[in-house]
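**Student:** There's a structure below that I have some questions on.
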Amino acid sequence: MEDIYNYTLEELTKFCQAADYPRFLAQQVFNWIYRRRLEDFILMTNVSKDARKFLEDNFFFPRLKSLKKEESSDGTVKFLFGLSDGAAIESVYIPERERFTLCLSTQVGCKYACKFCASGRDGFQRNLAASEIINQYLSVSKDLNSKVTNIVFMGIGEPLDNLPNLIKAIQIFLEPKGLGFGKNKICVSTSGIIPGIREFAAASLGVKLSVSLHAAEDGTRTKIMPVNKKYPLKELIAVVKEFSLGQKRSVMFEYALIKGFNDSLRDAAALGKLIKGFDAKVNLINCNSSFEGFEPSPDEAIVEFTQELKKRGIFYFLRKSRGGDINAACGQLKAKFEKPNQGFRST
């Protein structure tokens, strides 16, 4: 049997037509499972009995196991989900005024071992299927009974290292007859995987791209992001410019301010010089104090840093860290858990 959430509308349409069912059957199914959130083919009342039997014989609804849920004093909620093979991932819900953001994981573990991020400390295990990405959203929405306005792929893992499943998941999120998210409401974050950025651009999904930068000089960046050895800044910025021009949209650079490491006026000037000349913005956030060897920048350093960016005409946001008291802030996701005794596939 097939996992229904692994199918885009186009794929499901082809599957149904191959069995001599009309193409609108797939549209009906998408409406039931993504708009009405129904997980029982037999209850799809506008679908013929024969088609319902066909669906029931060929597909199943997977479910994630809720292992743990923690709520921060600022309203952020972190979820630990168990997967069918006993692995686990984390997702984070971040409410802020009229914006309700869900941060999704794309891998179990991570290969890239950024020094400020906990996700790669235990190494990489595997990619998530598109279904496991989509199911994080469905599970959180059901648990909280709350809307999600924005999707960010900034959880555990490097999204562009799992590109085929990422693209499929985004197609499902964007599908008007399904979840129907707008392109401006979805953002993919990368540590700077140059081939992945090019492939992502070629997919022409139209969603936003965010690049974890955190330093504007190769020597500094390599100290905290080993990926910089393979994909240095000059090459990375060139391909990001190509993406911005080709997609006709701004690119966001993530920059965690670390005391005495990347928060000087010289660092700000280097950052301004690096990203000058194309449609780019900077997302500044003070680093977490939870990791050994890193301290947040003092207020006076942040003021000087932002003034230098402003002087150089760089548009920036100064973000407040969220969910730190439950280890849900940027870079803190790790999914520590005891291995479940059984899988969670539902047939």
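We label chains A, B, ... in the order they appear in the structure tokens, count residues from 1 in each chain, and number ligands from 1 in the order shown.
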Per residue of segment 75-101 of chain A within 12 Å of segment 185-203 of chain A, what are the shortest atom pair and its distance in Å to one decimal, counting only C-alpha atoms, with rows by chain and residue number, as a Markdown table?
**Tutor:**
| residue | atom | partner | partner_atom | distance |
| --- | --- | --- | --- | --- |
| A:Arg99 | CA | A:Lys185 | CA | 10.0 |
| A:Phe100 | CA | A:Lys185 | CA | 10.4 |
| A:Thr101 | CA | A:Lys185 | CA | 9.0 |
**Student:** For Arg35 of chain A, work out the shell of residues within 12 Å, counting only C-alpha atoms and skipping chain neighbours fewer than 5 positions away, then give it as a list in words.
**Tutor:**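 Once the adjacent positions are removed, what remains is Gln27, Gln28, Val29, Phe30, Leu138, Ser141, Phe173, Glu175, Pro176, Lys177, Gly178, Leu179, Gly180 and Phe181 of chain A.
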**Student:** Might you pull out every residue within 7 Å of Phe79 of chain A, with only C-alpha atoms counted and same-chain residues fewer than 5 positions away left off, and present them as a PyMOL selection string?
**Tutor:** chain A and resi 68-70+90-92
**Student:** Can those selected residues be exported to a file as a short mmCIF file (atom, residue, chain, number, x, y, z; two decimals), in the first residue's frame so that it contains C-alpha atoms?
**Tutor:**
data_model
loop_
_atom_site.label_atom_id
_atom_site.label_comp_id
_atom_site.auth_asym_id
_atom_site.auth_seq_id
_atom_site.Cartn_x
_atom_site.Cartn_y
_atom_site.Cartn_z
CA LYS A 68 6.42 15.19 23.84
CA LYS A 69 4.99 18.70 23.74
CA GLU A 70 6.46 21.73 25.51
CA GLU A 90 11.05 18.21 16.29
CA SER A 91 8.69 20.89 14.98
CA VAL A 92 8.10 24.35 16.46
#
**Student:** Have a look at A:Phe81, A:Tyr255, A:Phe54, A:Phe60 and name the one nearest to Glu132 of chain A; count only C-alpha atoms.
**Tutor:**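 Looking at the shortest contact to Glu132 of chain A, the residue is A:Phe81.
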**Student:** Rank nothing, just name the residue among A:Asn184, A:Gln107, A:Ser264, A:Ser131 nearest to Glu308 of chain A, using only C-alpha atoms.
**Tutor:**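 Among the listed residues, the smallest separation from Glu308 of chain A belongs to A:Ser264.
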